[in-house]
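Structure file upload_36.cif (mmCIF, C-alpha atoms) is printed below.
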```
data_data
loop_
_atom_site.group_PDB
_atom_site.id
_atom_site.type_symbol
_atom_site.label_atom_id
_atom_site.label_comp_id
_atom_site.auth_asym_id
_atom_site.auth_seq_id
_atom_site.Cartn_x
_atom_site.Cartn_y
_atom_site.Cartn_z
ATOM 1 C CA MET A 1 -52.445 -90.285 12.271
ATOM 2 C CA PRO A 2 -50.071 -90.406 9.256
ATOM 3 C CA ALA A 3 -46.499 -91.432 10.065
ATOM 4 C CA ASN A 4 -45.082 -88.060 9.007
ATOM 5 C CA TRP A 5 -47.308 -86.217 11.541
ATOM 6 C CA GLN A 6 -46.329 -85.363 15.079
ATOM 7 C CA LEU A 7 -48.315 -83.620 17.799
ATOM 8 C CA GLU A 8 -46.175 -82.275 20.608
ATOM 9 C CA ALA A 9 -45.927 -79.563 23.243
ATOM 10 C CA ALA A 10 -44.570 -76.572 21.301
ATOM 11 C CA ARG A 11 -40.827 -76.049 21.597
ATOM 12 C CA PRO A 12 -39.297 -72.541 21.879
ATOM 13 C CA GLU A 13 -37.553 -72.969 18.508
ATOM 14 C CA GLN A 14 -40.995 -73.427 16.874
ATOM 15 C CA ARG A 15 -42.036 -69.890 17.851
ATOM 16 C CA GLU A 16 -41.511 -68.445 14.365
ATOM 17 C CA GLU A 17 -43.194 -71.351 12.566
ATOM 18 C CA ILE A 18 -46.221 -71.054 14.854
ATOM 19 C CA LEU A 19 -46.464 -67.318 14.198
ATOM 20 C CA THR A 20 -46.152 -67.982 10.457
ATOM 21 C CA VAL A 21 -49.173 -70.288 10.675
ATOM 22 C CA ALA A 22 -51.073 -67.611 12.630
ATOM 23 C CA ARG A 23 -50.162 -64.956 10.040
ATOM 24 C CA SER A 24 -51.171 -67.237 7.174
ATOM 25 C CA ALA A 25 -54.642 -67.686 8.703
ATOM 26 C CA VAL A 26 -56.606 -65.217 6.603
ATOM 27 C CA LEU A 27 -59.227 -64.939 9.330
ATOM 28 C CA PHE A 28 -56.797 -63.705 12.002
ATOM 29 C CA SER A 29 -56.572 -59.933 12.313
ATOM 30 C CA ALA A 30 -53.250 -58.229 13.037
ATOM 31 C CA GLU A 31 -54.461 -57.699 16.602
ATOM 32 C CA GLU A 32 -55.208 -61.408 16.956
ATOM 33 C CA VAL A 33 -51.781 -62.393 15.622
ATOM 34 C CA ALA A 34 -50.227 -59.962 18.125
ATOM 35 C CA THR A 35 -52.173 -61.706 20.899
ATOM 36 C CA VAL A 36 -50.901 -65.130 19.800
ATOM 37 C CA GLU A 37 -47.387 -63.656 19.891
ATOM 38 C CA GLU A 38 -47.890 -62.331 23.433
ATOM 39 C CA LEU A 39 -49.175 -65.681 24.647
ATOM 40 C CA ILE A 40 -46.392 -67.724 23.067
ATOM 41 C CA ASP A 41 -43.783 -65.404 24.531
ATOM 42 C CA GLU A 42 -45.343 -65.902 27.978
ATOM 43 C CA TYR A 43 -45.415 -69.666 27.380
ATOM 44 C CA ILE A 44 -41.742 -69.713 26.415
ATOM 45 C CA ALA A 45 -40.590 -67.352 29.183
ATOM 46 C CA ARG A 46 -42.563 -68.764 32.113
ATOM 47 C CA GLY A 47 -43.708 -72.219 31.033
ATOM 48 C CA PRO A 48 -47.298 -73.388 30.682
ATOM 49 C CA GLN A 49 -48.153 -73.781 34.362
ATOM 50 C CA ALA A 50 -46.982 -70.334 35.448
ATOM 51 C CA SER A 51 -48.235 -68.531 32.335
ATOM 52 C CA GLY A 52 -51.496 -70.475 32.041
ATOM 53 C CA TYR A 53 -50.911 -70.890 28.281
ATOM 54 C CA TYR A 54 -50.253 -74.283 26.732
ATOM 55 C CA PHE A 55 -49.215 -74.585 23.077
ATOM 56 C CA LEU A 56 -49.442 -77.745 20.976
ATOM 57 C CA SER A 57 -47.640 -77.991 17.640
ATOM 58 C CA GLY A 58 -48.963 -80.081 14.787
ATOM 59 C CA VAL A 59 -45.861 -80.970 12.785
ATOM 60 C CA ILE A 60 -45.960 -82.406 9.253
ATOM 61 C CA ASP A 61 -42.702 -83.473 7.650
ATOM 62 C CA GLY A 62 -40.731 -81.650 10.321
ATOM 63 C CA ARG A 63 -42.500 -78.289 9.934
ATOM 64 C CA VAL A 64 -45.248 -76.762 12.084
ATOM 65 C CA ALA A 65 -48.433 -76.975 10.004
ATOM 66 C CA GLY A 66 -50.880 -76.050 12.762
ATOM 67 C CA PHE A 67 -51.103 -75.252 16.436
ATOM 68 C CA ALA A 68 -53.507 -75.046 19.338
ATOM 69 C CA CYS A 69 -53.292 -72.827 22.416
ATOM 70 C CA TYR A 70 -55.342 -73.548 25.517
ATOM 71 C CA GLY A 71 -55.318 -72.853 29.241
ATOM 72 C CA PRO A 72 -57.392 -72.760 32.427
ATOM 73 C CA ARG A 73 -60.199 -70.194 32.732
ATOM 74 C CA ALA A 74 -59.586 -67.997 35.794
ATOM 75 C CA LEU A 75 -61.922 -68.476 38.765
ATOM 76 C CA THR A 76 -63.173 -71.849 37.549
ATOM 77 C CA SER A 77 -62.353 -75.324 38.704
ATOM 78 C CA GLY A 78 -61.656 -77.527 35.697
ATOM 79 C CA THR A 79 -62.795 -75.286 32.819
ATOM 80 C CA TYR A 80 -60.298 -74.620 30.043
ATOM 81 C CA ASP A 81 -60.352 -72.228 27.092
ATOM 82 C CA LEU A 82 -59.217 -73.241 23.643
ATOM 83 C CA PHE A 83 -57.831 -69.794 22.912
ATOM 84 C CA TRP A 84 -56.533 -70.372 19.401
ATOM 85 C CA MET A 85 -56.371 -73.123 16.853
ATOM 86 C CA ALA A 86 -55.092 -72.729 13.307
ATOM 87 C CA VAL A 87 -53.905 -74.895 10.442
ATOM 88 C CA ASP A 88 -51.751 -73.610 7.602
ATOM 89 C CA GLN A 89 -53.937 -72.998 4.556
ATOM 90 C CA SER A 90 -51.930 -75.365 2.344
ATOM 91 C CA MET A 91 -52.404 -78.145 4.919
ATOM 92 C CA GLN A 92 -56.140 -77.788 5.474
ATOM 93 C CA GLY A 93 -58.633 -80.570 4.764
ATOM 94 C CA ARG A 94 -56.316 -83.358 5.938
ATOM 95 C CA GLY A 95 -57.659 -83.687 9.479
ATOM 96 C CA LEU A 96 -54.915 -81.847 11.335
ATOM 97 C CA GLY A 97 -57.470 -79.563 13.040
ATOM 98 C CA LYS A 98 -59.386 -82.617 14.271
ATOM 99 C CA ALA A 99 -56.141 -84.188 15.516
ATOM 100 C CA LEU A 100 -55.147 -80.982 17.347
ATOM 101 C CA SER A 101 -58.611 -80.715 18.908
ATOM 102 C CA ALA A 102 -58.495 -84.372 20.052
ATOM 103 C CA ARG A 103 -55.010 -83.999 21.537
ATOM 104 C CA THR A 104 -56.025 -80.777 23.300
ATOM 105 C CA LEU A 105 -58.921 -82.661 24.911
ATOM 106 C CA GLU A 106 -56.581 -85.417 26.070
ATOM 107 C CA GLU A 107 -54.139 -82.911 27.535
ATOM 108 C CA VAL A 108 -56.881 -80.964 29.266
ATOM 109 C CA ARG A 109 -58.274 -84.175 30.725
ATOM 110 C CA ALA A 110 -54.784 -85.073 31.983
ATOM 111 C CA LEU A 111 -54.644 -81.660 33.697
ATOM 112 C CA GLY A 112 -57.916 -82.434 35.497
ATOM 113 C CA GLY A 113 -60.112 -80.422 33.135
ATOM 114 C CA ARG A 114 -63.815 -81.154 32.798
ATOM 115 C CA LEU A 115 -64.956 -78.616 30.241
ATOM 116 C CA LEU A 116 -63.359 -77.005 27.198
ATOM 117 C CA VAL A 117 -64.698 -73.760 25.743
ATOM 118 C CA ALA A 118 -64.081 -72.310 22.274
ATOM 119 C CA GLU A 119 -65.383 -68.876 21.390
ATOM 120 C CA THR A 120 -65.518 -67.979 17.720
ATOM 121 C CA SER A 121 -66.994 -65.453 15.370
ATOM 122 C CA GLY A 122 -70.500 -65.610 13.950
ATOM 123 C CA LYS A 123 -69.411 -63.896 10.710
ATOM 124 C CA ALA A 124 -70.062 -65.528 7.349
ATOM 125 C CA ASP A 125 -66.372 -66.148 6.665
ATOM 126 C CA TYR A 126 -66.149 -68.108 9.924
ATOM 127 C CA GLU A 127 -68.808 -70.569 8.759
ATOM 128 C CA PRO A 128 -66.183 -73.258 7.986
ATOM 129 C CA THR A 129 -64.799 -72.791 11.523
ATOM 130 C CA ARG A 130 -68.251 -73.189 13.081
ATOM 131 C CA LYS A 131 -68.976 -76.221 10.864
ATOM 132 C CA PHE A 132 -65.659 -77.690 11.989
ATOM 133 C CA TYR A 133 -66.646 -77.426 15.667
ATOM 134 C CA GLU A 134 -70.088 -78.878 14.987
ATOM 135 C CA ALA A 135 -68.682 -81.820 12.995
ATOM 136 C CA ASP A 136 -66.035 -82.298 15.694
ATOM 137 C CA GLY A 137 -68.660 -82.907 18.391
ATOM 138 C CA TRP A 138 -68.756 -79.511 20.102
ATOM 139 C CA THR A 139 -72.063 -78.122 21.405
ATOM 140 C CA ARG A 140 -73.061 -74.558 20.627
ATOM 141 C CA GLU A 141 -74.187 -72.993 23.904
ATOM 142 C CA ALA A 142 -74.807 -69.409 22.812
ATOM 143 C CA ILE A 143 -74.623 -66.865 20.029
ATOM 144 C CA ILE A 144 -74.407 -63.288 21.270
ATOM 145 C CA ALA A 145 -75.128 -60.830 18.462
ATOM 146 C CA ASP A 146 -72.735 -57.907 17.825
ATOM 147 C CA PHE A 147 -70.329 -59.184 20.462
ATOM 148 C CA TYR A 148 -66.963 -58.706 18.743
ATOM 149 C CA ALA A 149 -68.168 -55.732 16.705
ATOM 150 C CA PRO A 150 -71.406 -54.565 15.079
ATOM 151 C CA GLY A 151 -72.474 -57.448 12.841
ATOM 152 C CA ASP A 152 -69.918 -59.811 14.379
ATOM 153 C CA ALA A 153 -71.498 -62.201 16.884
ATOM 154 C CA MET A 154 -69.701 -64.487 19.303
ATOM 155 C CA ALA A 155 -70.553 -68.193 19.172
ATOM 156 C CA ILE A 156 -69.656 -70.218 22.270
ATOM 157 C CA TYR A 157 -68.916 -73.916 21.747
ATOM 158 C CA ILE A 158 -68.149 -76.344 24.528
ATOM 159 C CA LYS A 159 -66.999 -79.903 24.906
ATOM 160 C CA ARG A 160 -67.484 -81.826 28.154
ATOM 161 C CA LEU A 161 -64.776 -84.316 29.062
ATOM 162 C CA MET B 1 -80.580 -40.501 44.196
ATOM 163 C CA PRO B 2 -80.655 -39.515 47.877
ATOM 164 C CA ALA B 3 -78.654 -36.410 48.776
ATOM 165 C CA ASN B 4 -76.237 -38.354 50.982
ATOM 166 C CA TRP B 5 -75.280 -40.676 48.059
ATOM 167 C CA GLN B 6 -72.420 -40.109 45.691
ATOM 168 C CA LEU B 7 -71.263 -42.157 42.714
ATOM 169 C CA GLU B 8 -67.736 -41.407 41.609
ATOM 170 C CA ALA B 9 -64.636 -42.869 40.002
ATOM 171 C CA ALA B 10 -62.933 -44.707 42.855
ATOM 172 C CA ARG B 11 -60.120 -42.804 44.549
ATOM 173 C CA PRO B 12 -56.917 -44.547 45.709
ATOM 174 C CA GLU B 13 -57.723 -43.779 49.359
ATOM 175 C CA GLN B 14 -60.967 -45.804 48.970
ATOM 176 C CA ARG B 15 -59.003 -48.997 48.290
ATOM 177 C CA GLU B 16 -59.507 -50.442 51.781
ATOM 178 C CA GLU B 17 -63.196 -49.531 51.945
ATOM 179 C CA ILE B 18 -63.801 -51.182 48.555
ATOM 180 C CA LEU B 19 -62.017 -54.340 49.690
ATOM 181 C CA THR B 20 -64.056 -54.308 52.900
ATOM 182 C CA VAL B 21 -67.237 -54.312 50.798
ATOM 183 C CA ALA B 22 -65.846 -57.177 48.693
ATOM 184 C CA ARG B 23 -64.939 -59.146 51.841
ATOM 185 C CA SER B 24 -68.375 -58.513 53.372
ATOM 186 C CA ALA B 25 -70.061 -59.992 50.290
ATOM 187 C CA VAL B 26 -70.818 -63.484 51.547
ATOM 188 C CA LEU B 27 -70.953 -64.802 48.000
ATOM 189 C CA PHE B 28 -67.366 -63.783 47.138
ATOM 190 C CA SER B 29 -64.792 -66.521 47.687
ATOM 191 C CA ALA B 30 -61.325 -65.688 49.012
ATOM 192 C CA GLU B 31 -60.006 -66.190 45.461
ATOM 193 C CA GLU B 32 -62.548 -63.699 44.115
ATOM 194 C CA VAL B 33 -61.660 -61.102 46.752
ATOM 195 C CA ALA B 34 -57.991 -61.595 45.838
ATOM 196 C CA THR B 35 -58.897 -60.910 42.192
ATOM 197 C CA VAL B 36 -60.708 -57.689 43.124
ATOM 198 C CA GLU B 37 -57.572 -56.688 45.043
ATOM 199 C CA GLU B 38 -55.346 -57.378 42.027
ATOM 200 C CA LEU B 39 -57.588 -55.327 39.743
ATOM 201 C CA ILE B 40 -57.854 -52.359 42.090
ATOM 202 C CA ASP B 41 -54.090 -52.307 42.547
ATOM 203 C CA GLU B 42 -53.675 -52.240 38.755
ATOM 204 C CA TYR B 43 -56.296 -49.467 38.535
ATOM 205 C CA ILE B 44 -54.497 -47.380 41.156
ATOM 206 C CA ALA B 45 -50.992 -48.029 39.803
ATOM 207 C CA ARG B 46 -51.634 -47.573 36.066
ATOM 208 C CA GLY B 47 -54.971 -45.802 35.793
ATOM 209 C CA PRO B 48 -58.105 -47.123 34.102
ATOM 210 C CA GLN B 49 -57.060 -46.678 30.471
ATOM 211 C CA ALA B 50 -53.706 -48.438 30.760
ATOM 212 C CA SER B 51 -54.931 -51.152 33.125
ATOM 213 C CA GLY B 52 -58.297 -51.686 31.428
ATOM 214 C CA TYR B 53 -60.028 -51.697 34.843
ATOM 215 C CA TYR B 54 -62.443 -48.955 35.856
ATOM 216 C CA PHE B 55 -63.761 -48.750 39.435
ATOM 217 C CA LEU B 56 -66.851 -46.819 40.532
ATOM 218 C CA SER B 57 -67.492 -46.140 44.208
ATOM 219 C CA GLY B 58 -71.002 -45.840 45.618
ATOM 220 C CA VAL B 59 -70.583 -43.635 48.690
ATOM 221 C CA ILE B 60 -73.254 -43.230 51.379
ATOM 222 C CA ASP B 61 -72.626 -40.710 54.163
ATOM 223 C CA GLY B 62 -68.985 -40.457 53.198
ATOM 224 C CA ARG B 63 -68.243 -44.210 53.268
ATOM 225 C CA VAL B 64 -67.999 -46.655 50.349
ATOM 226 C CA ALA B 65 -71.143 -48.793 50.530
ATOM 227 C CA GLY B 66 -70.768 -50.489 47.141
ATOM 228 C CA PHE B 67 -68.613 -50.577 44.037
ATOM 229 C CA ALA B 68 -68.579 -51.666 40.424
ATOM 230 C CA CYS B 69 -65.580 -52.706 38.320
ATOM 231 C CA TYR B 70 -65.769 -52.815 34.528
ATOM 232 C CA GLY B 71 -63.505 -52.671 31.497
ATOM 233 C CA PRO B 72 -63.188 -53.414 27.791
ATOM 234 C CA ARG B 73 -63.247 -57.050 26.628
ATOM 235 C CA ALA B 74 -60.027 -57.830 24.720
ATOM 236 C CA LEU B 75 -60.327 -58.325 20.959
ATOM 237 C CA THR B 76 -63.743 -56.686 20.757
ATOM 238 C CA SER B 77 -64.765 -53.292 19.534
ATOM 239 C CA GLY B 78 -67.141 -51.718 22.041
ATOM 240 C CA THR B 79 -67.903 -54.675 24.345
ATOM 241 C CA TYR B 80 -67.305 -54.170 28.059
ATOM 242 C CA ASP B 81 -67.339 -56.589 30.975
ATOM 243 C CA LEU B 82 -68.938 -55.736 34.285
ATOM 244 C CA PHE B 83 -66.345 -57.719 36.221
ATOM 245 C CA TRP B 84 -67.610 -57.107 39.740
ATOM 246 C CA MET B 85 -70.423 -55.342 41.500
ATOM 247 C CA ALA B 86 -71.114 -55.517 45.215
ATOM 248 C CA VAL B 87 -73.084 -53.640 47.840
ATOM 249 C CA ASP B 88 -72.365 -53.854 51.550
ATOM 250 C CA GLN B 89 -74.869 -56.195 53.184
ATOM 251 C CA SER B 90 -76.116 -53.555 55.630
ATOM 252 C CA MET B 91 -76.838 -51.212 52.690
ATOM 253 C CA GLN B 92 -78.689 -53.661 50.447
ATOM 254 C CA GLY B 93 -82.281 -53.129 49.311
ATOM 255 C CA ARG B 94 -81.953 -49.353 48.940
ATOM 256 C CA GLY B 95 -81.245 -49.267 45.203
ATOM 257 C CA LEU B 96 -77.506 -48.705 45.306
ATOM 258 C CA GLY B 97 -76.881 -51.711 43.022
ATOM 259 C CA LYS B 98 -79.317 -50.278 40.476
ATOM 260 C CA ALA B 99 -77.628 -46.877 40.712
ATOM 261 C CA LEU B 100 -74.157 -48.427 40.226
ATOM 262 C CA SER B 101 -75.414 -50.438 37.254
ATOM 263 C CA ALA B 102 -76.983 -47.336 35.668
ATOM 264 C CA ARG B 103 -73.844 -45.253 36.177
ATOM 265 C CA THR B 104 -71.666 -48.037 34.766
ATOM 266 C CA LEU B 105 -73.824 -48.038 31.624
ATOM 267 C CA GLU B 106 -73.461 -44.270 31.284
ATOM 268 C CA GLU B 107 -69.702 -44.445 31.688
ATOM 269 C CA VAL B 108 -69.375 -47.319 29.221
ATOM 270 C CA ARG B 109 -71.484 -45.418 26.706
ATOM 271 C CA ALA B 110 -69.231 -42.368 27.173
ATOM 272 C CA LEU B 111 -66.213 -44.622 26.412
ATOM 273 C CA GLY B 112 -67.850 -45.687 23.135
ATOM 274 C CA GLY B 113 -69.175 -49.002 24.453
ATOM 275 C CA ARG B 114 -72.122 -50.736 22.782
ATOM 276 C CA LEU B 115 -72.551 -53.858 24.867
ATOM 277 C CA LEU B 116 -72.064 -54.687 28.543
ATOM 278 C CA VAL B 117 -71.649 -58.281 29.717
ATOM 279 C CA ALA B 118 -72.103 -59.663 33.234
ATOM 280 C CA GLU B 119 -71.266 -63.271 33.974
ATOM 281 C CA THR B 120 -72.611 -64.709 37.201
ATOM 282 C CA SER B 121 -73.157 -68.007 38.941
ATOM 283 C CA GLY B 122 -76.158 -70.257 38.396
ATOM 284 C CA LYS B 123 -76.020 -71.531 42.001
ATOM 285 C CA ALA B 124 -79.069 -71.255 44.252
ATOM 286 C CA ASP B 125 -77.470 -68.673 46.532
ATOM 287 C CA TYR B 126 -76.919 -66.412 43.512
ATOM 288 C CA GLU B 127 -80.633 -66.318 42.755
ATOM 289 C CA PRO B 128 -80.998 -62.789 44.208
ATOM 290 C CA THR B 129 -78.115 -61.673 41.965
ATOM 291 C CA ARG B 130 -79.760 -63.160 38.868
ATOM 292 C CA LYS B 131 -83.134 -61.661 39.851
ATOM 293 C CA PHE B 132 -81.387 -58.297 40.242
ATOM 294 C CA TYR B 133 -80.046 -58.443 36.680
ATOM 295 C CA GLU B 134 -83.420 -59.522 35.305
ATOM 296 C CA ALA B 135 -85.295 -56.746 37.152
ATOM 297 C CA ASP B 136 -82.599 -54.284 36.056
ATOM 298 C CA GLY B 137 -83.286 -54.924 32.355
ATOM 299 C CA TRP B 138 -80.460 -57.291 31.471
ATOM 300 C CA THR B 139 -81.043 -60.142 28.996
ATOM 301 C CA ARG B 140 -79.899 -63.652 29.819
ATOM 302 C CA GLU B 141 -78.052 -64.949 26.773
ATOM 303 C CA ALA B 142 -76.805 -68.299 28.049
ATOM 304 C CA ILE B 143 -76.522 -70.670 30.967
ATOM 305 C CA ILE B 144 -73.611 -73.093 30.677
ATOM 306 C CA ALA B 145 -73.959 -75.945 33.158
ATOM 307 C CA ASP B 146 -71.003 -76.871 35.403
ATOM 308 C CA PHE B 147 -68.955 -73.948 34.114
ATOM 309 C CA TYR B 148 -67.411 -72.600 37.311
ATOM 310 C CA ALA B 149 -67.368 -76.011 38.990
ATOM 311 C CA PRO B 150 -69.483 -79.174 38.998
ATOM 312 C CA GLY B 151 -72.997 -77.993 39.867
ATOM 313 C CA ASP B 152 -72.073 -74.327 39.378
ATOM 314 C CA ALA B 153 -73.279 -72.983 36.030
ATOM 315 C CA MET B 154 -72.349 -69.675 34.428
ATOM 316 C CA ALA B 155 -75.192 -67.340 33.456
ATOM 317 C CA ILE B 156 -74.332 -64.657 30.886
ATOM 318 C CA TYR B 157 -76.358 -61.448 31.020
ATOM 319 C CA ILE B 158 -75.973 -58.576 28.588
ATOM 320 C CA LYS B 159 -77.224 -55.062 28.177
ATOM 321 C CA ARG B 160 -77.099 -53.265 24.830
ATOM 322 C CA LEU B 161 -76.447 -49.533 24.934
#
```
As structure tokens, the full file:
Amino acid sequence: MPANWQLEAARPEQREEILTVARSAVLFSAEEVATVEELIDEYIARGPQASGYYFLSGVIDGRVAGFACYGPRALTSGTYDLFWMAVDQSMQGRGLGKALSARTLEEVRALGGRLLVAETSGKADYEPTRKFYEADGWTREAIIADFYAPGDAMAIYIKRL
Amino acid sequence: MPANWQLEAARPEQREEILTVARSAVLFSAEEVATVEELIDEYIARGPQASGYYFLSGVIDGRVAGFACYGPRALTSGTYDLFWMAVDQSMQGRGLGKALSARTLEEVRALGGRLLVAETSGKADYEPTRKFYEADGWTREAIIADFYAPGDAMAIYIKRL
């Protein structure tokens, strides 16, 4: 990892920078950005264990350039969801997504996790996202047509730890 | 449907009878029963629209003999989860599960739903549950090994409306 990069548990003062990254992600709808905001507020107010939401910041030159949000899936033993992952558009293509994914896996393993799940859209404009997961060693377990909306399938990727 | 059967939106005074059915379901863990309790308390306190949890009671001779709980999946347009469905052991084999499933579909359609999702266990003792879904016209979209716990897969069934 380059010397000017830092991956760390998100700090409360990074809230705005994280939301800026989420807003800059052209694929995130307003509703999705609002969900990220809800989760980070829970994370800041109650902490990761009580809220069930963990945030990782990917910092480049002192600024948040990407983030990941993950947490345990209810009613499972050792399965975690990667709820959100995003990299600022101007910082894409440098491997920050891969670094965030790898660190998330490490953290989930440290929490006793066995399985990480990422659900994403089957739409054409999400093809780079799906290619990212495939290149990053995730296994596609299902595609459910018209899941998010008519014409918008859900693809389920998993990684076993 | 037999004349002594009634399917209806659950009433607050049925709370205990619904939880008795959940507790009598040998396949429900204590944690799962506690989740049903949380959801029904939300349903009673805030109503189905605000809570996102709808409960249907299946009443035989004036007593709750089974129930279904469903609600919209966040961040989708028209996809609903069938969170829980259970029939009292002494009332099984009479078609009440099928009737609850059919009524849930009708209600979801009336709410504008297009797709209903039921996630269930891949364990051997859930084979009757999986056979029920298959006989009831659901499509199995995925089985993810070791999802709920080591040796306990998740099977995803869907029904399109």
message = Distance limit 9 Å, atoms considered: all atoms listed in the file. Which chain B residues sit that close to chain A? Return them as number ranges by chain.
response = B: 31-32, 35, 73, 75-79, 114-115, 141-144, 146-150, 158
query = Written as a list in words, what is the full residue list that the PyMOL selection byres ((chain B and resi 85) around 9) yields on the file shown?
reply = Ala22, Gly66, Phe67, Ala68, Cys69, Tyr70, Leu82, Phe83, Trp84, Ala86, Val87, Gly97, Leu100 and Ser101 of chain B
ask   = Expanded to explicit residues, what is the PyMOL selection byres ((chain A and resi 8-20) around 6) for this file, as a VMD selection string?
value = chain A and resid 7 21 to 23 44 55 to 57 64
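For the residues A:Gln6, A:Thr120, A:Thr104, A:Thr139, ranking by smallest atom-to-atom distance to Gly62 (chain A) using all atoms listed in the file places A:Gln6 first.
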ask   = Hey, can you check how far CA of Glu107 (chain B) sits from CA of Arg63 (chain B)?
value = 21.6 Å
Please return region 104-123 of chain B, rebuilt to N, CA and C atoms, as an mmCIF file, keeping the file's coordinate frame.
```cif
data_model
loop_
_atom_site.group_PDB
_atom_site.id
_atom_site.type_symbol
_atom_site.label_atom_id
_atom_site.label_comp_id
_atom_site.auth_asym_id
_atom_site.auth_seq_id
_atom_site.Cartn_x
_atom_site.Cartn_y
_atom_site.Cartn_z
ATOM 1 N N THR B 104 -72.622 -47.274 35.574
ATOM 2 C CA THR B 104 -71.666 -48.037 34.766
ATOM 3 C C THR B 104 -72.056 -47.958 33.289
ATOM 4 N N LEU B 105 -73.352 -48.134 33.016
ATOM 5 C CA LEU B 105 -73.824 -48.038 31.624
ATOM 6 C C LEU B 105 -73.515 -46.677 31.012
ATOM 7 N N GLU B 106 -73.749 -45.627 31.778
ATOM 8 C CA GLU B 106 -73.461 -44.270 31.284
ATOM 9 C C GLU B 106 -71.975 -44.105 30.964
ATOM 10 N N GLU B 107 -71.155 -44.596 31.872
ATOM 11 C CA GLU B 107 -69.702 -44.445 31.688
ATOM 12 C C GLU B 107 -69.223 -45.261 30.490
ATOM 13 N N VAL B 108 -69.778 -46.461 30.340
ATOM 14 C CA VAL B 108 -69.375 -47.319 29.221
ATOM 15 C C VAL B 108 -69.815 -46.678 27.902
ATOM 16 N N ARG B 109 -71.011 -46.106 27.912
ATOM 17 C CA ARG B 109 -71.484 -45.418 26.706
ATOM 18 C C ARG B 109 -70.548 -44.255 26.370
ATOM 19 N N ALA B 110 -70.122 -43.510 27.388
ATOM 20 C CA ALA B 110 -69.231 -42.368 27.173
ATOM 21 C C ALA B 110 -67.872 -42.828 26.619
ATOM 22 N N LEU B 111 -67.481 -44.075 26.933
ATOM 23 C CA LEU B 111 -66.213 -44.622 26.412
ATOM 24 C C LEU B 111 -66.385 -45.199 25.009
ATOM 25 N N GLY B 112 -67.608 -45.142 24.469
ATOM 26 C CA GLY B 112 -67.850 -45.687 23.135
ATOM 27 C C GLY B 112 -68.340 -47.124 23.163
ATOM 28 N N GLY B 113 -68.707 -47.616 24.343
ATOM 29 C CA GLY B 113 -69.175 -49.002 24.453
ATOM 30 C C GLY B 113 -70.558 -49.183 23.871
ATOM 31 N N ARG B 114 -70.821 -50.402 23.366
ATOM 32 C CA ARG B 114 -72.122 -50.736 22.782
ATOM 33 C C ARG B 114 -72.825 -51.834 23.562
ATOM 34 N N LEU B 115 -72.029 -52.615 24.302
ATOM 35 C CA LEU B 115 -72.551 -53.858 24.867
ATOM 36 C C LEU B 115 -71.851 -54.079 26.205
ATOM 37 N N LEU B 116 -72.634 -54.408 27.225
ATOM 38 C CA LEU B 116 -72.064 -54.687 28.543
ATOM 39 C C LEU B 116 -72.449 -56.115 28.909
ATOM 40 N N VAL B 117 -71.473 -56.858 29.427
ATOM 41 C CA VAL B 117 -71.649 -58.281 29.717
ATOM 42 C C VAL B 117 -71.406 -58.521 31.204
ATOM 43 N N ALA B 118 -72.304 -59.269 31.840
ATOM 44 C CA ALA B 118 -72.103 -59.663 33.234
ATOM 45 C C ALA B 118 -72.250 -61.176 33.314
ATOM 46 N N GLU B 119 -71.225 -61.823 33.804
ATOM 47 C CA GLU B 119 -71.266 -63.271 33.974
ATOM 48 C C GLU B 119 -71.462 -63.550 35.452
ATOM 49 N N THR B 120 -72.391 -64.417 35.778
ATOM 50 C CA THR B 120 -72.611 -64.709 37.201
ATOM 51 C C THR B 120 -72.950 -66.181 37.388
ATOM 52 N N SER B 121 -72.983 -66.586 38.637
ATOM 53 C CA SER B 121 -73.157 -68.007 38.941
ATOM 54 C C SER B 121 -74.614 -68.430 38.834
ATOM 55 N N GLY B 122 -74.814 -69.685 38.459
ATOM 56 C CA GLY B 122 -76.158 -70.257 38.396
ATOM 57 C C GLY B 122 -76.571 -70.928 39.710
ATOM 58 N N LYS B 123 -75.711 -70.844 40.734
ATOM 59 C CA LYS B 123 -76.020 -71.531 42.001
ATOM 60 C C LYS B 123 -77.228 -70.904 42.693
#
```
